[in-house]
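Asker: What follows is structure-v4.cif; its format and atoms are mmCIF, C-alpha atoms.
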```cif
data_protein
loop_
_atom_site.group_PDB
_atom_site.id
_atom_site.type_symbol
_atom_site.label_atom_id
_atom_site.label_comp_id
_atom_site.auth_asym_id
_atom_site.auth_seq_id
_atom_site.Cartn_x
_atom_site.Cartn_y
_atom_site.Cartn_z
ATOM 1 C CA MET A 198 116.655 191.151 174.650
ATOM 2 C CA ASN A 199 118.025 193.895 172.454
ATOM 3 C CA ARG A 200 121.622 193.724 171.252
ATOM 4 C CA THR A 201 122.896 196.609 173.437
ATOM 5 C CA LEU A 202 121.384 195.140 176.602
ATOM 6 C CA GLU A 203 122.664 191.671 175.690
ATOM 7 C CA SER A 204 126.161 193.075 175.160
ATOM 8 C CA SER A 205 126.128 194.914 178.511
ATOM 9 C CA VAL A 206 125.064 191.715 180.289
ATOM 10 C CA VAL A 207 127.850 189.772 178.554
ATOM 11 C CA VAL A 208 130.398 192.451 179.521
ATOM 12 C CA SER A 209 129.199 192.373 183.128
ATOM 13 C CA VAL A 210 129.548 188.576 183.318
ATOM 14 C CA LEU A 211 132.922 188.700 181.568
ATOM 15 C CA ASN A 212 134.174 191.281 184.074
ATOM 16 C CA ARG A 213 133.114 188.989 186.927
ATOM 17 C CA LEU A 214 134.989 186.185 185.189
ATOM 18 C CA LEU A 215 138.005 188.470 184.750
ATOM 19 C CA GLN A 216 138.011 189.409 188.422
ATOM 20 C CA THR A 217 137.765 185.747 189.428
ATOM 21 C CA LEU A 218 140.704 184.832 187.207
ATOM 22 C CA CYS A 219 142.871 187.846 188.131
ATOM 23 C CA ARG A 220 142.226 188.108 191.852
ATOM 24 C CA SER A 221 142.569 184.589 193.230
ATOM 25 C CA LEU A 222 144.331 183.812 196.487
ATOM 26 C CA ALA A 223 146.900 181.801 194.505
ATOM 27 C CA LEU A 224 147.811 184.856 192.417
ATOM 28 C CA TYR A 225 147.939 186.938 195.576
ATOM 29 C CA ALA A 226 150.466 184.435 196.966
ATOM 30 C CA VAL A 227 152.598 184.857 193.851
ATOM 31 C CA GLU A 228 152.583 188.631 194.357
ATOM 32 C CA ILE A 229 153.351 188.658 198.089
ATOM 33 C CA LYS A 230 155.827 185.748 197.869
ATOM 34 C CA PRO A 231 155.293 184.255 201.327
ATOM 35 C CA TRP A 232 158.102 182.479 203.084
ATOM 36 C CA SER A 233 158.205 178.712 202.664
ATOM 37 C CA LEU A 234 160.323 175.858 203.883
ATOM 38 C CA ALA A 235 163.090 174.403 201.756
ATOM 39 C CA GLY A 236 161.860 171.585 199.560
ATOM 40 C CA ARG A 237 158.556 173.255 198.728
ATOM 41 C CA GLU A 238 159.533 173.976 195.131
ATOM 42 C CA PRO A 239 156.796 171.653 193.795
ATOM 43 C CA VAL A 240 154.193 173.914 195.420
ATOM 44 C CA TRP A 241 155.716 177.023 193.847
ATOM 45 C CA THR A 242 155.975 175.262 190.489
ATOM 46 C CA ALA A 243 152.281 174.300 190.617
ATOM 47 C CA ILE A 244 151.240 177.800 191.677
ATOM 48 C CA GLY A 245 153.464 179.316 188.986
ATOM 49 C CA CYS A 246 151.767 177.197 186.304
ATOM 50 C CA LEU A 247 148.372 178.236 187.648
ATOM 51 C CA ALA A 248 149.422 181.897 187.579
ATOM 52 C CA ALA A 249 150.633 181.626 183.978
ATOM 53 C CA ASP A 250 147.358 180.050 182.865
ATOM 54 C CA SER A 251 145.320 182.597 184.859
ATOM 55 C CA HIS A 252 147.152 185.454 183.157
ATOM 56 C CA MET A 253 146.591 183.894 179.733
ATOM 57 C CA TYR A 254 142.860 183.381 180.349
ATOM 58 C CA SER A 255 142.591 186.865 181.871
ATOM 59 C CA GLN A 256 144.021 188.379 178.696
ATOM 60 C CA ARG A 257 141.614 186.388 176.543
ATOM 61 C CA VAL A 258 138.666 187.486 178.685
ATOM 62 C CA ALA A 259 139.839 191.124 178.602
ATOM 63 C CA ASP A 260 140.045 190.896 174.799
ATOM 64 C CA ALA A 261 136.485 189.489 174.694
ATOM 65 C CA ILE A 262 135.269 192.361 176.882
ATOM 66 C CA ILE A 263 136.813 194.870 174.479
ATOM 67 C CA GLU A 264 135.266 193.034 171.499
ATOM 68 C CA HIS A 265 131.880 193.478 173.196
ATOM 69 C CA ARG A 266 132.598 197.226 173.543
ATOM 70 C CA GLY A 267 133.260 197.021 177.261
ATOM 71 C CA GLN A 268 136.038 198.121 179.567
ATOM 72 C CA PRO A 269 137.994 195.361 181.378
ATOM 73 C CA ASN A 270 137.876 195.906 185.146
ATOM 74 C CA PRO A 271 139.581 193.220 187.251
ATOM 75 C CA GLY A 272 139.113 195.173 190.486
ATOM 76 C CA PRO A 273 141.309 194.870 193.569
ATOM 77 C CA TYR A 274 142.230 191.791 195.574
ATOM 78 C CA PRO A 275 139.782 191.132 198.421
ATOM 79 C CA LEU A 276 140.899 192.864 201.633
ATOM 80 C CA GLU A 277 140.671 189.627 203.626
ATOM 81 C CA PHE A 278 143.673 188.286 201.686
ATOM 82 C CA ALA A 279 145.881 190.667 203.690
ATOM 83 C CA ALA A 280 145.373 188.340 206.685
ATOM 84 C CA PHE A 281 147.740 185.901 204.925
ATOM 85 C CA ASN A 282 150.602 188.380 204.508
ATOM 86 C CA ASP A 283 152.588 187.157 207.510
ATOM 87 C CA LEU A 284 151.963 183.430 207.075
ATOM 88 C CA GLY A 285 154.220 180.962 205.352
ATOM 89 C CA LEU A 286 152.905 179.278 202.229
ATOM 90 C CA GLU A 287 152.540 175.955 204.044
ATOM 91 C CA PHE A 288 149.988 177.503 206.381
ATOM 92 C CA PHE A 289 147.628 178.713 203.715
ATOM 93 C CA LEU A 290 148.028 176.248 200.838
ATOM 94 C CA ARG A 291 144.795 174.512 201.878
ATOM 95 C CA GLU A 292 143.080 177.925 201.919
ATOM 96 C CA ILE A 293 144.315 178.509 198.368
ATOM 97 C CA ILE A 294 142.709 175.223 197.300
ATOM 98 C CA VAL A 295 139.423 176.083 199.050
ATOM 99 C CA HIS A 296 139.383 179.505 197.360
ATOM 100 C CA LEU A 297 140.157 177.967 193.969
ATOM 101 C CA LYS A 298 137.202 175.597 194.338
ATOM 102 C CA HIS A 299 134.978 178.597 195.076
ATOM 103 C CA ASP A 300 136.463 180.429 192.084
ATOM 104 C CA GLN A 301 135.731 177.409 189.898
ATOM 105 C CA LYS A 302 132.092 177.522 191.010
ATOM 106 C CA VAL A 303 131.905 181.217 190.053
ATOM 107 C CA ILE A 304 133.481 180.460 186.662
ATOM 108 C CA GLY A 305 130.864 177.740 186.107
ATOM 109 C CA GLU A 306 128.106 180.222 186.962
ATOM 110 C CA CYS A 307 129.598 182.706 184.501
ATOM 111 C CA ALA A 308 129.654 180.038 181.787
ATOM 112 C CA ALA A 309 125.969 179.280 182.414
ATOM 113 C CA GLU A 310 125.085 182.988 182.221
ATOM 114 C CA LEU A 311 126.958 183.295 178.932
ATOM 115 C CA THR A 312 124.668 180.861 177.094
ATOM 116 C CA PRO A 313 123.481 183.640 174.700
ATOM 117 C CA ALA A 314 127.123 184.243 173.684
ATOM 118 C CA PRO A 315 128.541 180.822 172.792
ATOM 119 C CA GLU A 316 131.950 182.157 171.712
ATOM 120 C CA VAL A 317 132.681 183.507 175.200
ATOM 121 C CA ARG A 318 130.825 180.724 176.977
ATOM 122 C CA SER A 319 133.331 178.253 175.525
ATOM 123 C CA LEU A 320 136.149 180.426 176.895
ATOM 124 C CA ALA A 321 134.612 180.301 180.388
ATOM 125 C CA GLU A 322 134.139 176.536 180.096
ATOM 126 C CA GLU A 323 137.760 176.145 179.023
ATOM 127 C CA ALA A 324 138.931 178.214 182.013
ATOM 128 C CA TYR A 325 136.730 176.062 184.279
ATOM 129 C CA GLY A 326 138.326 172.838 183.061
ATOM 130 C CA ASN A 327 141.810 174.302 183.270
ATOM 131 C CA LEU A 328 141.251 175.363 186.858
ATOM 132 C CA GLN A 329 140.044 171.849 187.711
ATOM 133 C CA GLY A 330 143.400 170.483 186.569
ATOM 134 C CA HIS A 331 145.281 173.017 188.693
ATOM 135 C CA ILE A 332 143.178 172.215 191.763
ATOM 136 C CA GLU A 333 143.937 168.520 191.363
ATOM 137 C CA LEU A 334 147.660 169.249 190.937
ATOM 138 C CA LEU A 335 147.747 171.420 194.073
ATOM 139 C CA GLU A 336 145.814 168.820 196.071
ATOM 140 C CA ASN A 337 148.193 166.066 194.950
ATOM 141 C CA THR A 338 151.239 168.224 195.672
ATOM 142 C CA ALA A 339 149.946 169.106 199.143
ATOM 143 C CA ALA A 340 149.270 165.424 199.856
ATOM 144 C CA GLU A 341 152.727 164.354 198.657
ATOM 145 C CA LEU A 342 154.382 166.987 200.857
ATOM 146 C CA LYS A 343 151.987 166.144 203.726
ATOM 147 C CA LEU A 344 150.823 169.749 204.060
#
```
What is this structure when it is put down as structure tokens?
Answerer:
Amino acid sequence: MNRTLESSVVVSVLNRLLQTLCRSLALYAVEIKPWSLAGREPVWTAIGCLAADSHMYSQRVADAIIEHRGQPNPGPYPLEFAAFNDLGLEFFLREIIVHLKHDQKVIGECAAELTPAPEVRSLAEEAYGNLQGHIELLENTAAELKL
């Protein structure tokens, strides 16, 4: 594979990774700020930590895209997320976890596709492991609050 084609493939995979990191249902929840019952601060704390890490990894991925002479393009949130606009956080926390598990699968696929570019593959693998920790935290928090 020539260098230009290899770079365009890497940029394409990195943009898919960027979109996955930037456009999760958890980040959508942070933006729309759904209503939640009193005493649900642990959920918001966990989601806030996830959002902070997602933004940090998104910036690192965007920087990698630029280094590979690409243009970062996170794209819009999926339209189906609008169905959650009128629900309280308690009603869609499980959906957030399900979506995060799907996102983790996509991140793993991106890491596998980035084998020719080990410097960005390690970034995808790091994001994958980080997301695993956040999923476990959200699952534990939901169980503790009996959501």
Asker: Would you mind listing what lies within 8 Å of Ala308 (chain A) as a PyMOL selection string, with all atoms listed in the file counted and same-chain residues fewer than 5 positions away left out?
Answerer: chain A and resi 318-319+321-322
Asker: Would you write out those residues with C-alpha atoms, as an mmCIF file, in the frame of the given file?
Answerer:
```cif
data_model
loop_
_atom_site.group_PDB
_atom_site.id
_atom_site.type_symbol
_atom_site.label_atom_id
_atom_site.label_comp_id
_atom_site.auth_asym_id
_atom_site.auth_seq_id
_atom_site.Cartn_x
_atom_site.Cartn_y
_atom_site.Cartn_z
ATOM 1 C CA ARG A 318 130.825 180.724 176.977
ATOM 2 C CA SER A 319 133.331 178.253 175.525
ATOM 3 C CA ALA A 321 134.612 180.301 180.388
ATOM 4 C CA GLU A 322 134.139 176.536 180.096
#
```
Asker: Need the shell around region 244-258 of chain A: protein/DNA/RNA residues with any atom at most 7 Å away, counting only C-alpha atoms. Skip same-chain ones fewer than 3 positions apart. Format as a PyMOL selection string?
Answerer: chain A and resi 211+215+218-219+223-224+240-241+261-262+324+331
Asker: Go ahead and compute the interatomic distance for CA of Ile332 (chain A) and CA of Asp260 (chain A), in Å to one decimal.
Answerer: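 Computing the Euclidean distance for CA of Ile332 (chain A) and CA of Asp260 (chain A) yields 25.4 Å.
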Asker: Using the chain letters and residue numbers of this document, give as a ChimeraX atom specification the residues selected by the PyMOL selection byres ((chain A and resi 278) around 12).
Answerer: /A:220-226,228-229,273-277,279-284,289,292-293,296
Asker: Could you list, as number ranges by chain, every residue within 9 Å of Gly267 (chain A), counting all atoms listed in the file and ignoring same-chain residues fewer than 6 positions away?
Answerer: A: 204-205, 208-209, 212, 259, 261
Asker: Identify which of the residues A:Val295, A:Leu342, A:Val227, A:Leu320 lies closest to Cys307 (chain A), counting only C-alpha atoms when measuring atom-to-atom distances.
Answerer: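 Looking only at the distances to Cys307 (chain A), the closest residue turns out to be A:Leu320.
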Asker: What residues come out when you apply the PyMOL selection byres ((chain A and resi 237) around 10) to this file, written as a VMD selection string?
Answerer: chain A and resid 233 to 236 238 to 242 286 to 287 338 to 339 342
Asker: What is the CA of Lys343 (chain A)-CA of Pro231 (chain A) distance in Å, reported with one decimal?
Answerer: 18.6 Å
Asker: Centre and edge lengths, as AutoDock Vina command-line options, for the axis-aligned box enclosing every listed atom of region 216-224 of chain A with 6 Å of padding on each of the six sides, in Å to one decimal?
Answerer:
```
--center_x 142.8 --center_y 185.6 --center_z 191.8 --size_x 22.0 --size_y 19.6 --size_z 21.3
```
Asker: Would you mind reading off the distance between CA of Leu214 (chain A) and CA of Gly272 (chain A), one decimal, in Å?
Answerer: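 Result for CA of Leu214 (chain A) versus CA of Gly272 (chain A): 11.2 Å, one decimal.
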Asker: Here is a test: counting only C-alpha atoms, which residue of A:Gly305, A:Phe288, A:Glu264, A:Lys230 is nearest to Arg213 (chain A)?
Answerer: A:Gly305
Asker: Restricting the calculation to only C-alpha atoms, which member of A:Glu323, A:Asn337, A:Gln329, A:Val210 is positioned closest to Lys302 (chain A)?
Answerer: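 Of the candidates, the smallest distance to Lys302 (chain A) is held by A:Gln329.
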Asker: Taking into account only C-alpha atoms, which residue in the set A:Thr312, A:Asn270, A:Val303, A:Leu290 is nearest to Ala340 (chain A)?
Answerer: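 Closest to Ala340 (chain A), using only C-alpha atoms: A:Leu290.
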